[in-house]
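Visitor: Below you will find the structure I want to go over with you.
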Amino acid sequence: MRERAVMPTRSTPQDGDIVVREEKRGGTLAYVLHTAPGADQYEFRRREEGIAQALALAKRQCVRAWLTDEGYDFVLLEDFREVELV
């Protein structure tokens with residue numbers, strides 16, 4: 001049986017984490033998803049859709065999902081990393 005250990009949470013994404021960013025594009029809000037620290041990969045018009053996709057990708061890749069605005073404030077949505085205890 002594998003146990004999950006709680007890791008201290010950093011306040012910023014690490015390489016490979018999934019980030020969904022809320023920003024204004026053409027006067028409307030858009031939710032842009034990317035894998036840190038890479039370029040934008042997907043754009044969504046609805047917050048719920050952007051967050052759902054970020055969570056799904058993070059779960060599949062066993063990384064963390066983050067939400068941010070156009071600044072540098074990050075909110076951890078979910079941590080799907082698994083730490084094996086030895």
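In the structure tokens, chains take letters A, B, ... by order of appearance, with residues numbered from 1 within each chain and ligands from 1 in the order shown.
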Mind checking which residues fall within 9 Å of stretch 54-59 of chain A, counting only C-alpha atoms, ignoring those fewer than 3 positions away in the same chain, and posting them as a list in words?
Guide: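 Those residues are Gly16, Asp17, Ile18, Val19, Val20, Leu33, His34, Glu49, Gly50, Ile51, Cys62, Val63, Arg64, Ala65, Trp66, Leu67, Leu77, Glu78, Asp79, Phe80 and Arg81 of chain A.
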Visitor: If we count only C-alpha atoms and set the cut-off at 9 Å, which residues sit around A:Glu70, ignoring sequence neighbours fewer than 6 positions away in its own chain? Please answer as a PyMOL selection string.
Guide: chain A and resi 21-24
Visitor: Contacts of A:Phe74 at 8 Å or less, counting only C-alpha atoms, minus same-chain residues fewer than 4 places along, as a tab-separated table (two decimals) with N, CA and C atoms, in the first residue's frame?
Guide:
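Output file around07.tsv is given in full below:
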```tsv
chain	number	residue	atom	x	y	z
A	11	SER	N	4.64	28.82	-3.06
A	11	SER	CA	3.64	29.80	-3.48
A	11	SER	C	3.67	30.06	-4.97
A	12	THR	N	4.54	29.39	-5.70
A	12	THR	CA	4.62	29.56	-7.15
A	12	THR	C	4.75	28.20	-7.83
A	13	PRO	N	4.33	28.10	-9.07
A	13	PRO	CA	4.44	26.84	-9.80
A	13	PRO	C	5.89	26.43	-10.04
A	66	TRP	N	-2.60	25.36	-10.89
A	66	TRP	CA	-2.61	26.70	-10.31
A	66	TRP	C	-3.54	27.62	-11.08
A	67	LEU	N	-4.06	28.64	-10.38
A	67	LEU	CA	-4.85	29.71	-10.99
A	67	LEU	C	-4.13	31.01	-10.67
A	68	THR	N	-4.04	31.91	-11.66
A	68	THR	CA	-3.43	33.21	-11.44
A	68	THR	C	-4.15	34.25	-12.28
A	69	ASP	N	-3.87	35.52	-11.95
A	69	ASP	CA	-4.38	36.60	-12.78
A	69	ASP	C	-3.20	37.11	-13.60
```
Visitor: Restricting the calculation to only C-alpha atoms: of A:Asp15, A:Gln61, A:Gly71, A:Glu48, which residue gets closest to A:Tyr31?
Guide: A:Glu48
Visitor: Expressed in Å to a single decimal, how great is the separation between atom CA of A:Val86 and atom CA of A:Ala36?
Guide: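 Rounded to one decimal, the two atoms are 28.6 Å apart.
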Visitor: Write out as number ranges by chain all residues of stretch 42-79 of chain A that backbone DSSP assigns to alpha helix (DSSP H).
Guide: A: 47-61
Visitor: Mind giving me the straight-line distance from atom CA of A:Arg60 to atom CA of A:Tyr72 in Å, one decimal?
Guide: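 Atom CA of A:Arg60 sits 25.3 Å away from atom CA of A:Tyr72.
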